[in-house]
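What follows is the content of protein_32.cif (mmCIF, C-alpha atoms and all ligand atoms).
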```cif
data_structure
loop_
_atom_site.label_atom_id
_atom_site.label_comp_id
_atom_site.auth_asym_id
_atom_site.auth_seq_id
_atom_site.Cartn_x
_atom_site.Cartn_y
_atom_site.Cartn_z
CA MET A 19 167.31 139.69 131.25
CA THR A 20 170.13 141.91 130.01
CA ASP A 21 172.44 141.83 133.05
CA LYS A 22 172.32 137.98 132.97
CA MET A 23 173.17 138.14 129.29
CA THR A 24 175.97 140.68 129.40
CA ASP A 25 177.95 139.37 132.37
CA HIS A 26 177.59 135.81 130.99
CA GLN A 27 177.33 134.22 134.41
CA ASN A 28 175.77 130.82 133.97
CA ARG A 29 173.30 129.73 136.66
CA GLN A 30 172.87 126.00 136.30
CA PHE A 31 171.43 122.84 137.85
CA ARG A 32 173.68 119.79 137.67
CA LEU A 33 172.56 116.25 138.53
CA ALA A 34 174.15 115.31 141.85
CA HIS A 35 172.55 111.88 142.46
CA ARG A 36 170.24 109.50 140.68
CA PRO A 37 166.89 110.16 142.39
CA VAL A 38 165.03 107.36 144.11
CA GLY A 39 161.29 107.98 143.78
CA PRO A 40 160.19 111.61 143.33
CA VAL A 41 162.88 114.17 142.50
CA ARG A 42 164.17 116.23 145.44
CA ARG A 43 166.16 119.46 145.48
CA GLU A 44 169.14 117.53 146.97
CA ASP A 45 169.37 115.50 143.76
CA PHE A 46 170.85 118.59 142.08
CA THR A 47 173.70 121.00 142.63
CA PHE A 48 173.00 124.65 141.83
CA ARG A 49 176.09 126.52 140.59
CA VAL A 50 177.00 129.88 139.15
CA ASP A 51 180.05 129.80 136.85
CA PRO A 52 181.34 132.05 134.09
CA ALA A 53 179.77 130.86 130.83
CA ARG A 54 182.12 129.07 128.42
CA ALA A 55 183.07 131.12 125.35
CA PRO A 56 181.96 129.52 122.07
CA GLU A 57 184.52 127.66 119.93
CA ALA A 58 184.36 127.29 116.15
CA GLY A 59 180.91 126.01 115.12
CA GLU A 60 179.38 126.94 118.49
CA ILE A 61 176.99 129.59 119.75
CA MET A 62 176.35 131.06 123.19
CA VAL A 63 172.66 131.34 124.00
CA ALA A 64 170.91 133.31 126.75
CA VAL A 65 168.23 130.84 127.80
CA GLU A 66 164.78 132.35 128.28
CA TYR A 67 162.27 129.50 128.57
CA ILE A 68 162.95 125.91 129.67
CA SER A 69 160.57 123.08 128.84
CA LEU A 70 159.84 120.84 131.85
CA ASP A 71 158.90 117.36 130.68
CA PRO A 72 157.96 114.11 132.43
CA ALA A 73 160.69 112.41 130.39
CA MET A 74 163.31 114.31 132.39
CA ARG A 75 162.63 111.95 135.29
CA GLY A 76 163.60 108.99 133.07
CA TRP A 77 166.74 110.72 131.82
CA MET A 78 168.00 110.81 135.44
CA ASN A 79 167.92 107.01 135.73
CA GLU A 80 170.77 104.65 134.92
CA GLY A 81 170.01 102.10 132.23
CA ARG A 82 169.28 101.61 128.57
CA SER A 83 166.71 103.91 127.00
CA TYR A 84 166.11 105.80 123.77
CA ILE A 85 168.62 108.43 124.92
CA LYS A 86 171.72 108.38 127.16
CA PRO A 87 171.08 109.12 130.85
CA VAL A 88 172.26 112.49 132.13
CA GLY A 89 175.66 111.88 133.75
CA ILE A 90 176.28 112.65 137.41
CA GLY A 91 177.76 116.15 137.54
CA GLU A 92 176.36 117.15 134.14
CA VAL A 93 173.97 120.04 133.57
CA MET A 94 170.42 118.63 133.64
CA ARG A 95 169.21 118.05 130.09
CA ALA A 96 166.15 120.04 128.95
CA GLY A 97 164.67 121.42 125.78
CA ALA A 98 164.65 125.23 125.87
CA LEU A 99 164.44 128.44 123.89
CA GLY A 100 166.81 131.37 123.98
CA THR A 101 168.54 134.17 122.11
CA VAL A 102 172.02 133.92 120.61
CA VAL A 103 174.46 136.32 122.34
CA GLU A 104 177.69 135.21 120.65
CA SER A 105 178.25 133.17 117.53
CA ARG A 106 181.19 131.40 115.95
CA ALA A 107 178.94 129.46 113.59
CA ALA A 108 177.98 130.32 110.05
CA GLY A 109 174.32 131.22 109.68
CA PHE A 110 173.80 132.19 113.36
CA SER A 111 174.01 135.79 114.62
CA PRO A 112 173.42 137.53 117.95
CA GLY A 113 169.70 138.17 118.28
CA ASP A 114 168.64 134.93 116.57
CA VAL A 115 166.09 132.96 118.57
CA VAL A 116 166.82 129.24 118.80
CA THR A 117 165.47 126.07 120.38
CA GLY A 118 167.46 122.98 121.32
CA ALA A 119 168.64 120.90 124.25
CA LEU A 120 169.98 123.96 126.03
CA GLY A 121 169.70 122.43 129.53
CA VAL A 122 168.56 123.74 132.90
CA GLN A 123 170.85 126.76 132.91
CA SER A 124 170.76 130.45 132.10
CA VAL A 125 173.51 130.46 129.44
CA ALA A 126 174.22 127.54 127.09
CA THR A 127 177.28 127.18 124.86
CA LEU A 128 176.78 124.43 122.31
CA ALA A 129 177.18 123.35 118.69
CA ALA A 130 174.98 125.46 116.45
CA LYS A 131 174.10 122.36 114.43
CA ASP A 132 172.18 121.06 117.44
CA CYS A 133 169.93 124.14 117.52
CA VAL A 134 167.03 125.19 115.34
CA LYS A 135 166.36 128.84 114.50
CA VAL A 136 162.73 129.87 114.99
CA ASP A 137 160.91 132.93 113.70
CA ALA A 138 159.88 134.59 116.96
CA GLY A 139 157.73 137.01 114.97
CA LEU A 140 155.31 134.20 114.13
CA ALA A 141 154.13 133.29 117.65
CA PRO A 142 154.80 134.01 121.34
CA LYS A 143 158.09 132.34 122.32
CA PRO A 144 156.63 129.74 124.77
CA LEU A 145 154.55 128.29 121.94
CA PHE A 146 157.75 126.98 120.34
CA LEU A 147 158.11 124.68 123.38
CA SER A 148 154.42 123.77 123.33
CA ALA A 149 152.03 123.32 120.38
CA LEU A 150 154.69 124.31 117.85
CA GLY A 151 157.44 122.34 119.59
CA MET A 152 158.08 118.89 121.00
CA PRO A 153 154.68 118.28 122.70
CA GLY A 154 152.89 119.46 119.56
CA MET A 155 154.91 117.11 117.37
CA THR A 156 154.30 114.25 119.84
CA ALA A 157 150.54 114.79 119.69
CA TYR A 158 150.47 115.25 115.92
CA PHE A 159 152.61 112.27 114.89
CA GLY A 160 151.64 110.04 117.82
CA LEU A 161 147.95 110.39 117.07
CA LEU A 162 147.98 110.59 113.28
CA ALA A 163 150.91 108.35 112.31
CA VAL A 164 150.55 105.73 115.08
CA GLY A 165 146.92 106.04 116.23
CA GLU A 166 145.55 106.46 112.70
CA PRO A 167 142.12 107.76 113.80
CA LYS A 168 139.28 107.68 111.29
CA PRO A 169 136.23 109.97 111.28
CA GLY A 170 133.51 108.66 113.56
CA GLU A 171 135.90 106.56 115.66
CA THR A 172 136.24 106.94 119.42
CA VAL A 173 139.55 108.31 120.70
CA VAL A 174 140.40 108.26 124.42
CA VAL A 175 143.38 110.17 125.80
CA SER A 176 144.81 110.32 129.33
CA ALA A 177 146.56 113.31 130.98
CA ALA A 178 144.08 115.06 128.72
CA ALA A 179 144.50 118.58 130.10
CA GLY A 180 148.28 118.38 129.80
CA ALA A 181 150.68 119.53 127.11
CA VAL A 182 150.41 116.49 124.83
CA GLY A 183 146.96 115.21 125.82
CA ALA A 184 145.09 118.47 125.24
CA LEU A 185 146.51 118.67 121.72
CA VAL A 186 145.78 115.00 120.98
CA GLY A 187 142.12 115.46 121.88
CA GLN A 188 141.76 118.61 119.81
CA ILE A 189 143.44 117.06 116.75
CA ALA A 190 141.16 114.04 117.10
CA LYS A 191 138.14 116.40 117.10
CA ILE A 192 139.49 118.11 113.98
CA LYS A 193 139.67 114.65 112.39
CA GLY A 194 135.99 114.02 113.16
CA CYS A 195 136.32 111.62 116.10
CA HIS A 196 134.31 111.17 119.28
CA VAL A 197 136.83 112.24 121.95
CA VAL A 198 136.97 111.41 125.65
CA GLY A 199 139.70 112.67 127.97
CA LEU A 200 140.79 111.52 131.41
CA ALA A 201 142.10 114.19 133.73
CA GLY A 202 142.52 114.80 137.45
CA GLY A 203 139.98 117.17 139.01
CA ALA A 204 136.85 119.06 138.04
CA ALA A 205 138.62 122.17 136.71
CA LYS A 206 140.69 120.22 134.17
CA CYS A 207 137.64 118.15 133.16
CA ARG A 208 135.54 121.29 132.62
CA TYR A 209 138.35 122.87 130.62
CA ILE A 210 138.75 120.03 128.11
CA VAL A 211 135.01 119.84 127.45
CA ASP A 212 133.96 123.50 127.64
CA GLU A 213 137.04 125.16 126.15
CA LEU A 214 138.67 122.48 124.02
CA GLY A 215 135.53 120.80 122.69
CA PHE A 216 136.12 117.22 123.90
CA ASP A 217 132.86 115.23 123.92
CA ALA A 218 133.32 114.04 127.50
CA ALA A 219 135.76 114.04 130.39
CA ILE A 220 136.41 111.51 133.13
CA ASP A 221 137.83 112.70 136.43
CA TYR A 222 139.92 109.64 137.18
CA LYS A 223 140.61 110.89 140.69
CA SER A 224 136.96 110.91 141.77
CA GLU A 225 134.99 108.81 139.27
CA PRO A 226 134.93 105.05 138.58
CA VAL A 227 136.93 104.84 135.35
CA PRO A 228 135.54 101.56 133.88
CA ALA A 229 131.91 102.64 134.39
CA ARG A 230 132.53 106.13 133.04
CA LEU A 231 134.36 104.72 129.99
CA ARG A 232 131.30 102.56 129.27
CA GLU A 233 129.03 105.62 129.51
CA THR A 234 131.18 108.01 127.49
CA CYS A 235 132.37 105.50 124.86
CA PRO A 236 129.14 103.63 124.04
CA LYS A 237 130.68 102.26 120.84
CA GLY A 238 133.91 101.13 122.53
CA ILE A 239 137.44 102.54 122.12
CA ASP A 240 139.16 102.61 118.71
CA VAL A 241 142.25 104.62 119.68
CA TYR A 242 143.66 104.96 123.18
CA PHE A 243 146.48 107.50 123.43
CA ASP A 244 148.24 106.52 126.64
CA ASN A 245 150.17 109.12 128.58
CA VAL A 246 149.91 107.54 132.01
CA GLY A 247 150.14 103.72 131.95
CA GLY A 248 149.19 101.79 135.10
CA GLN A 249 145.57 101.05 135.97
CA ILE A 250 144.12 103.47 133.40
CA LEU A 251 145.84 101.56 130.58
CA ASP A 252 144.28 98.35 131.86
CA ASP A 253 140.85 99.98 132.18
CA CYS A 254 141.03 101.22 128.57
CA LEU A 255 142.30 97.88 127.23
CA ALA A 256 139.22 96.24 128.70
CA GLN A 257 136.99 98.32 126.39
CA ILE A 258 138.83 98.36 123.05
CA ASN A 259 137.22 97.50 119.72
CA LEU A 260 138.30 95.18 116.95
CA ARG A 261 141.57 96.46 115.41
CA ALA A 262 141.98 99.21 118.00
CA ARG A 263 145.26 101.10 118.18
CA ILE A 264 146.90 101.88 121.53
CA VAL A 265 149.59 104.53 121.33
CA ILE A 266 152.13 104.14 124.13
CA CYS A 267 153.34 107.72 124.43
CA GLY A 268 154.22 107.72 128.12
CA ALA A 269 153.49 106.21 131.52
CA ILE A 270 153.79 109.04 134.01
CA SER A 271 152.05 107.04 136.73
CA GLN A 272 155.11 104.74 136.74
CA TYR A 273 158.07 107.14 136.40
CA ASN A 274 158.69 107.62 140.14
CA ASN A 275 158.26 103.92 140.96
CA THR A 276 160.72 102.32 143.32
CA THR A 277 159.12 98.95 142.52
CA PRO A 278 158.87 97.35 139.04
CA VAL A 279 156.65 99.07 136.47
CA LYS A 280 153.07 97.78 136.54
CA GLY A 281 152.42 96.19 133.16
CA PRO A 282 148.99 95.77 131.61
CA SER A 283 147.27 92.64 132.82
CA ASN A 284 144.50 93.03 130.23
CA TYR A 285 146.90 92.54 127.31
CA LEU A 286 144.92 89.60 125.92
CA ALA A 287 142.38 92.21 124.79
CA LEU A 288 144.96 92.86 122.04
CA LEU A 289 144.74 89.24 120.92
CA VAL A 290 140.97 88.96 121.08
CA ASN A 291 140.53 92.21 119.16
CA ARG A 292 143.51 91.81 116.79
CA ALA A 293 144.53 95.20 118.18
CA ARG A 294 147.90 96.91 118.08
CA MET A 295 149.79 98.56 120.93
CA GLN A 296 152.76 100.59 119.72
CA GLY A 297 155.33 102.78 121.41
CA MET A 298 156.31 106.10 119.87
CA ILE A 299 159.19 108.51 120.38
CA VAL A 300 158.72 111.96 118.91
CA PHE A 301 162.37 112.26 117.79
CA ASP A 302 161.72 109.54 115.16
CA TYR A 303 159.62 112.10 113.26
CA ALA A 304 162.27 114.86 113.25
CA GLU A 305 162.45 114.90 109.47
CA ARG A 306 158.72 115.62 109.32
CA TYR A 307 158.56 118.37 112.00
CA ALA A 308 158.07 121.08 109.37
CA GLU A 309 154.93 119.32 108.18
CA GLY A 310 153.65 118.93 111.75
CA ALA A 311 154.45 122.51 112.76
CA GLN A 312 152.77 123.87 109.65
CA ALA A 313 149.58 121.92 110.37
CA MET A 314 149.55 122.97 114.03
CA ALA A 315 150.24 126.63 113.15
CA GLY A 316 147.40 126.56 110.62
CA TRP A 317 144.92 125.15 113.14
CA LEU A 318 146.07 127.65 115.81
CA ALA A 319 145.66 130.57 113.38
CA ALA A 320 142.22 129.32 112.34
CA GLY A 321 141.13 129.11 116.00
CA ARG A 322 140.62 125.35 115.74
CA LEU A 323 143.36 124.53 118.26
CA LYS A 324 144.16 126.10 121.63
CA SER A 325 147.49 125.87 123.37
CA ARG A 326 147.81 126.51 127.08
CA GLU A 327 151.13 127.15 128.78
CA ASP A 328 151.74 127.09 132.53
CA ILE A 329 154.76 129.36 132.96
CA VAL A 330 156.59 129.46 136.28
CA ASP A 331 159.06 132.24 136.95
CA GLY A 332 162.57 131.56 138.22
CA LEU A 333 165.27 129.09 137.19
CA GLU A 334 166.02 128.51 140.88
CA THR A 335 162.61 126.88 141.40
CA PHE A 336 163.51 124.06 138.98
CA PRO A 337 163.41 120.95 141.24
CA ASP A 338 160.13 121.97 142.90
CA THR A 339 158.51 123.10 139.66
CA LEU A 340 159.42 119.85 137.88
CA GLN A 341 157.57 117.96 140.60
CA LYS A 342 154.28 119.64 139.60
CA LEU A 343 154.09 117.30 136.59
CA PHE A 344 153.83 114.35 138.94
CA THR A 345 151.32 115.87 141.34
CA GLY A 346 149.16 117.22 138.53
CA GLU A 347 149.61 120.82 139.70
CA ASN A 348 150.56 121.95 136.19
CA PHE A 349 147.68 123.08 134.00
CA GLY A 350 148.99 123.14 130.44
CA LYS A 351 152.52 122.86 129.10
CA LEU A 352 154.88 123.41 132.04
CA ILE A 353 157.59 125.95 131.23
CA LEU A 354 160.21 127.57 133.43
CA LYS A 355 160.95 131.22 132.68
CA VAL A 356 164.61 131.88 133.38
P1 LIG B 1 151.53 116.94 131.06
O1 LIG B 1 150.40 116.05 130.63
O2 LIG B 1 151.46 118.38 130.73
O3 LIG B 1 151.74 116.81 132.62
C1 LIG B 1 151.72 115.57 133.24
C2 LIG B 1 150.28 115.25 133.75
O4 LIG B 1 150.19 113.87 134.02
C3 LIG B 1 149.94 115.92 135.06
O5 LIG B 1 149.48 117.23 134.89
C4 LIG B 1 148.86 115.00 135.60
O6 LIG B 1 147.59 115.43 135.13
C5 LIG B 1 149.16 113.65 134.93
N1 LIG B 1 149.59 112.67 135.92
C6 LIG B 1 150.63 112.76 136.78
N2 LIG B 1 150.71 111.65 137.55
C7 LIG B 1 149.68 110.85 137.15
C8 LIG B 1 149.24 109.56 137.56
N3 LIG B 1 149.85 108.89 138.53
N4 LIG B 1 148.16 109.03 136.94
C9 LIG B 1 147.52 109.70 135.96
N5 LIG B 1 147.89 110.93 135.53
C10 LIG B 1 148.97 111.48 136.12
O7 LIG B 1 152.88 116.31 130.51
P2 LIG B 1 153.25 116.08 128.97
O8 LIG B 1 154.54 116.76 128.73
O9 LIG B 1 152.10 116.37 128.12
O10 LIG B 1 153.54 114.50 128.95
C11 LIG B 1 152.45 113.58 128.96
C12 LIG B 1 153.00 112.18 128.71
O11 LIG B 1 153.56 112.14 127.39
C13 LIG B 1 154.10 111.75 129.65
O12 LIG B 1 153.95 110.38 129.94
C14 LIG B 1 155.36 111.95 128.83
O13 LIG B 1 156.42 111.16 129.25
C15 LIG B 1 154.86 111.60 127.46
N6 LIG B 1 155.63 112.14 126.33
C16 LIG B 1 156.13 111.24 125.45
C17 LIG B 1 156.82 111.69 124.33
C18 LIG B 1 157.32 110.66 123.35
O14 LIG B 1 158.06 111.01 122.43
N7 LIG B 1 156.95 109.42 123.52
C19 LIG B 1 157.02 113.06 124.13
C20 LIG B 1 156.47 113.95 125.05
C21 LIG B 1 155.77 113.48 126.17
P3 LIG B 1 146.23 115.20 135.98
O15 LIG B 1 146.09 116.42 136.83
O16 LIG B 1 145.21 115.05 134.93
O17 LIG B 1 146.46 113.97 136.81
#
```
I'd like the structure from this file rewritten - as structure tokens, please.
Ligand code: NAP
Amino acid sequence: MTDKMTDHQNRQFRLAHRPVGPVRREDFTFRVDPARAPEAGEIMVAVEYISLDPAMRGWMNEGRSYIKPVGIGEVMRAGALGTVVESRAAGFSPGDVVTGALGVQSVATLAAKDCVKVDAGLAPKPLFLSALGMPGMTAYFGLLAVGEPKPGETVVVSAAAGAVGALVGQIAKIKGCHVVGLAGGAAKCRYIVDELGFDAAIDYKSEPVPARLRETCPKGIDVYFDNVGGQILDDCLAQINLRARIVICGAISQYNNTTPVKGPSNYLALLVNRARMQGMIVFDYAERYAEGAQAMAGWLAAGRLKSREDIVDGLETFPDTLQKLFTGENFGKLILKV
């Protein structure tokens, strides 16, 4: 790490084109430039771990969203963790560990106010991009503030072995719910039941989802935490209870579409059941992150919550590694080690 830090050469991926369908290596330009020296109020950070998130695919598209698209020629946006190497900002010193939107690059120079200092003595660094970071806050606030599960209710979650889904299911168990996860493949299904304590798993790639939902949710679905959209959302809607809550967290099955997004055709289940379907964006809870992180850290320390990271070595692998999210090859929170 030190030679990358001391010569301050910045290896970076910039968006070259707006991808059509799945991301390809040609959609990016890889460059090595001298890192920019920090100006007043800025810090220079040696990036160590980069969070790879399904949302990055959406950030590459033109159009209105909850955040500006990444511009053509700009460094690809990404949440990341690193160590301050130079500081011209009060309260930040070399050696401080920070998280922020550092980007897909080895050295980031940015406003210190856009970074958060973390106490790297409290947990392994990748955890600050996982259970203690954005996916953890998404699971915590998405489930508790939007899903509002009550003890004894049935909670179903898709992409259940992934970064957000695995945490959602475990928090729902902590809250006394009956929890069913959908995941692709036997290994992920075994993991969520045997290691994470879900009540049941459905392998959506090899099992009939509607029939398996009927078997595993005999009392119907009270909360569906949707990470995938598409057919699975429709299958869950068909089995919701009176006053069910559907949390629209993501729709990864639709992100690479070159045709219009497939909307739910079973939406009248919301009317019949006086149910609520609500979108959530984790950033809306930023003022409450301390509360969320404290709860997650407490459960981790008490052994009630497990966090699994899938760490891939090498910044240069970025375009291919990102694609693992869409093929299901990641097993746990996908992180790139710089
Ligand atoms: P993740 O679950 O760790 O990885 C993505 C997983 O999605 C893959 O491992 C794969 O698992 C599954 N998947 C991929 N294509 C699929 C398809 N066509 N149908 C069904 N499943 C598919 O990723 P994550 O970071 O936790 O994100 C999960 C979801 O949460 C995403 O939709 C993301 O956009 C969303 N999210 C939203 C917010 C927010 O603020 N709203 C914040 C963070 C994340 P299998 O092997 O099981 O198929």
Students should find that CA of Glu166 in chain A and CA of Val198 in chain A are spaced 16.3 Å
Could you give me the residues within 8 Å of ligand LIG 1 (chain B), counting only C-alpha atoms and all ligand atoms, as a PyMOL selection string?
chain A and resi 70-73+152-153+156+160+176-184+200-203+206+221-223+244-248+250+266-272+297-301+342-352
Residue with the minimum atom-to-atom distance to Pro169 in chain A, picked from A:His196, A:Lys143, A:Arg208, A:Arg36 with only C-alpha atoms counted, is A:His196
Contacts of range 331-336 of chain A at 8 Å (only C-alpha atoms; same-chain gap of 5+ positions) as a PyMOL selection string:
chain A and resi 122-124+354-356
Please list as a PyMOL selection string every residue within 12 Å of Pro37 in chain A, counting all atoms listed in the file and excluding residues in the same chain fewer than 2 positions away.
chain A and resi 33-35+39-46+74-80+88+90+273-276+337
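Across A:Pro282, A:Gly154, A:Gly100, A:Gly109, the tightest approach to Tyr67 in chain A is made by A:Gly100 when counting all atoms listed in the file.
Closest approach to Arg326 in chain A among A:Ala149, A:Val115, A:Leu288, A:Ala129: A:Ala149, based on only C-alpha atoms.
Using all atoms listed in the file, the set of residues no farther than 10 Å from the position (148.9, 127.1, 120.7) comprises Ala141, Pro142, Pro144, Leu145, Phe146, Leu147, Ser148, Ala149, Leu150, Gly151, Gly154, Leu185, Met314, Ala315, Trp317, Leu318, Ala319, Gly321, Arg322, Leu323, Lys324, Ser325, Arg326 and Glu327 of chain A.
Note that CA of Tyr209 in chain A and CA of Ser69 in chain A are 22.3 Å apart.
Of note, CA of Cys254 in chain A and CA of Val174 in chain A are spaced 8.2 Å apart.
The closest residue to Ala96 in chain A, picked from A:Lys193, A:His26, A:Arg261, A:Arg32 and counting all atoms listed in the file, is A:Arg32.
Using all atoms listed in the file, the residues found no farther than 12 Å from Gly59 in chain A, other than those of its own chain fewer than 3 positions away, are Ala55, Pro56, Met62, Glu104, Ser105, Arg106, Ala107, Ala108, Gly109, Phe110, Ser111, Thr127, Leu128, Ala129, Ala130, Lys131, Asp132 and Cys133 of chain A.
Nearest to Asp253 in chain A of all the residues A:Arg230, A:Pro236, A:Thr47, A:Phe159 is A:Arg230, counting all atoms listed in the file.
Proximity ranking of A:Val211, A:Val93, A:Val102, A:Ala119 relative to Ile68 in chain A places A:Ala119 first, based on only C-alpha atoms.
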Any chance you could build range 53-61 of chain A out to all heavy atoms and write it as a CSV table (one decimal), in the frame of the given file?
```csv
chain,number,residue,atom,x,y,z
A,53,ALA,N,180.2,131.7,132.0
A,53,ALA,CA,179.8,130.9,130.8
A,53,ALA,C,181.0,130.6,130.0
A,53,ALA,O,181.9,131.4,129.9
A,53,ALA,CB,178.7,131.6,130.0
A,54,ARG,N,181.0,129.4,129.3
A,54,ARG,CA,182.1,129.1,128.4
A,54,ARG,C,182.0,129.8,127.1
A,54,ARG,O,180.9,129.9,126.5
A,54,ARG,CB,182.1,127.6,128.2
A,54,ARG,CG,183.2,127.0,127.4
A,54,ARG,CD,183.2,125.5,127.4
A,54,ARG,NE,182.1,124.9,126.6
A,54,ARG,CZ,182.0,124.8,125.3
A,54,ARG,NH1,183.0,125.3,124.5
A,54,ARG,NH2,181.0,124.3,124.7
A,55,ALA,N,183.1,130.4,126.6
A,55,ALA,CA,183.1,131.1,125.4
A,55,ALA,C,182.9,130.1,124.2
A,55,ALA,O,183.4,129.0,124.3
A,55,ALA,CB,184.4,131.9,125.2
A,56,PRO,N,182.2,130.5,123.2
A,56,PRO,CA,182.0,129.5,122.1
A,56,PRO,C,183.2,129.3,121.3
A,56,PRO,O,184.0,130.2,121.1
A,56,PRO,CB,180.9,130.2,121.2
A,56,PRO,CG,180.8,131.6,121.6
A,56,PRO,CD,181.4,131.7,123.0
A,57,GLU,N,183.4,128.0,120.8
A,57,GLU,CA,184.5,127.7,119.9
A,57,GLU,C,184.0,127.6,118.5
A,57,GLU,O,182.8,127.9,118.3
A,57,GLU,CB,185.1,126.3,120.3
A,57,GLU,CG,185.7,126.3,121.7
A,57,GLU,CD,186.2,125.0,122.2
A,57,GLU,OE1,186.1,124.0,121.5
A,57,GLU,OE2,186.6,124.9,123.3
A,58,ALA,N,184.8,127.3,117.5
A,58,ALA,CA,184.4,127.3,116.2
A,58,ALA,C,183.2,126.4,116.0
A,58,ALA,O,183.2,125.2,116.5
A,58,ALA,CB,185.5,126.8,115.2
A,59,GLY,N,182.1,126.8,115.3
A,59,GLY,CA,180.9,126.0,115.1
A,59,GLY,C,179.9,126.1,116.2
A,59,GLY,O,178.8,125.5,116.2
A,60,GLU,N,180.3,126.9,117.3
A,60,GLU,CA,179.4,126.9,118.5
A,60,GLU,C,178.7,128.3,118.6
A,60,GLU,O,179.2,129.3,118.1
A,60,GLU,CB,180.2,126.6,119.8
A,60,GLU,CG,180.6,125.2,119.9
A,60,GLU,CD,181.2,124.9,121.3
A,60,GLU,OE1,181.9,125.8,121.8
A,60,GLU,OE2,181.1,123.8,121.7
A,61,ILE,N,177.6,128.3,119.4
A,61,ILE,CA,177.0,129.6,119.8
A,61,ILE,C,176.8,129.6,121.3
A,61,ILE,O,176.8,128.6,121.9
A,61,ILE,CB,175.6,129.7,119.1
A,61,ILE,CG1,174.7,128.5,119.3
A,61,ILE,CG2,175.8,130.0,117.6
A,61,ILE,CD1,173.3,128.6,118.7
```
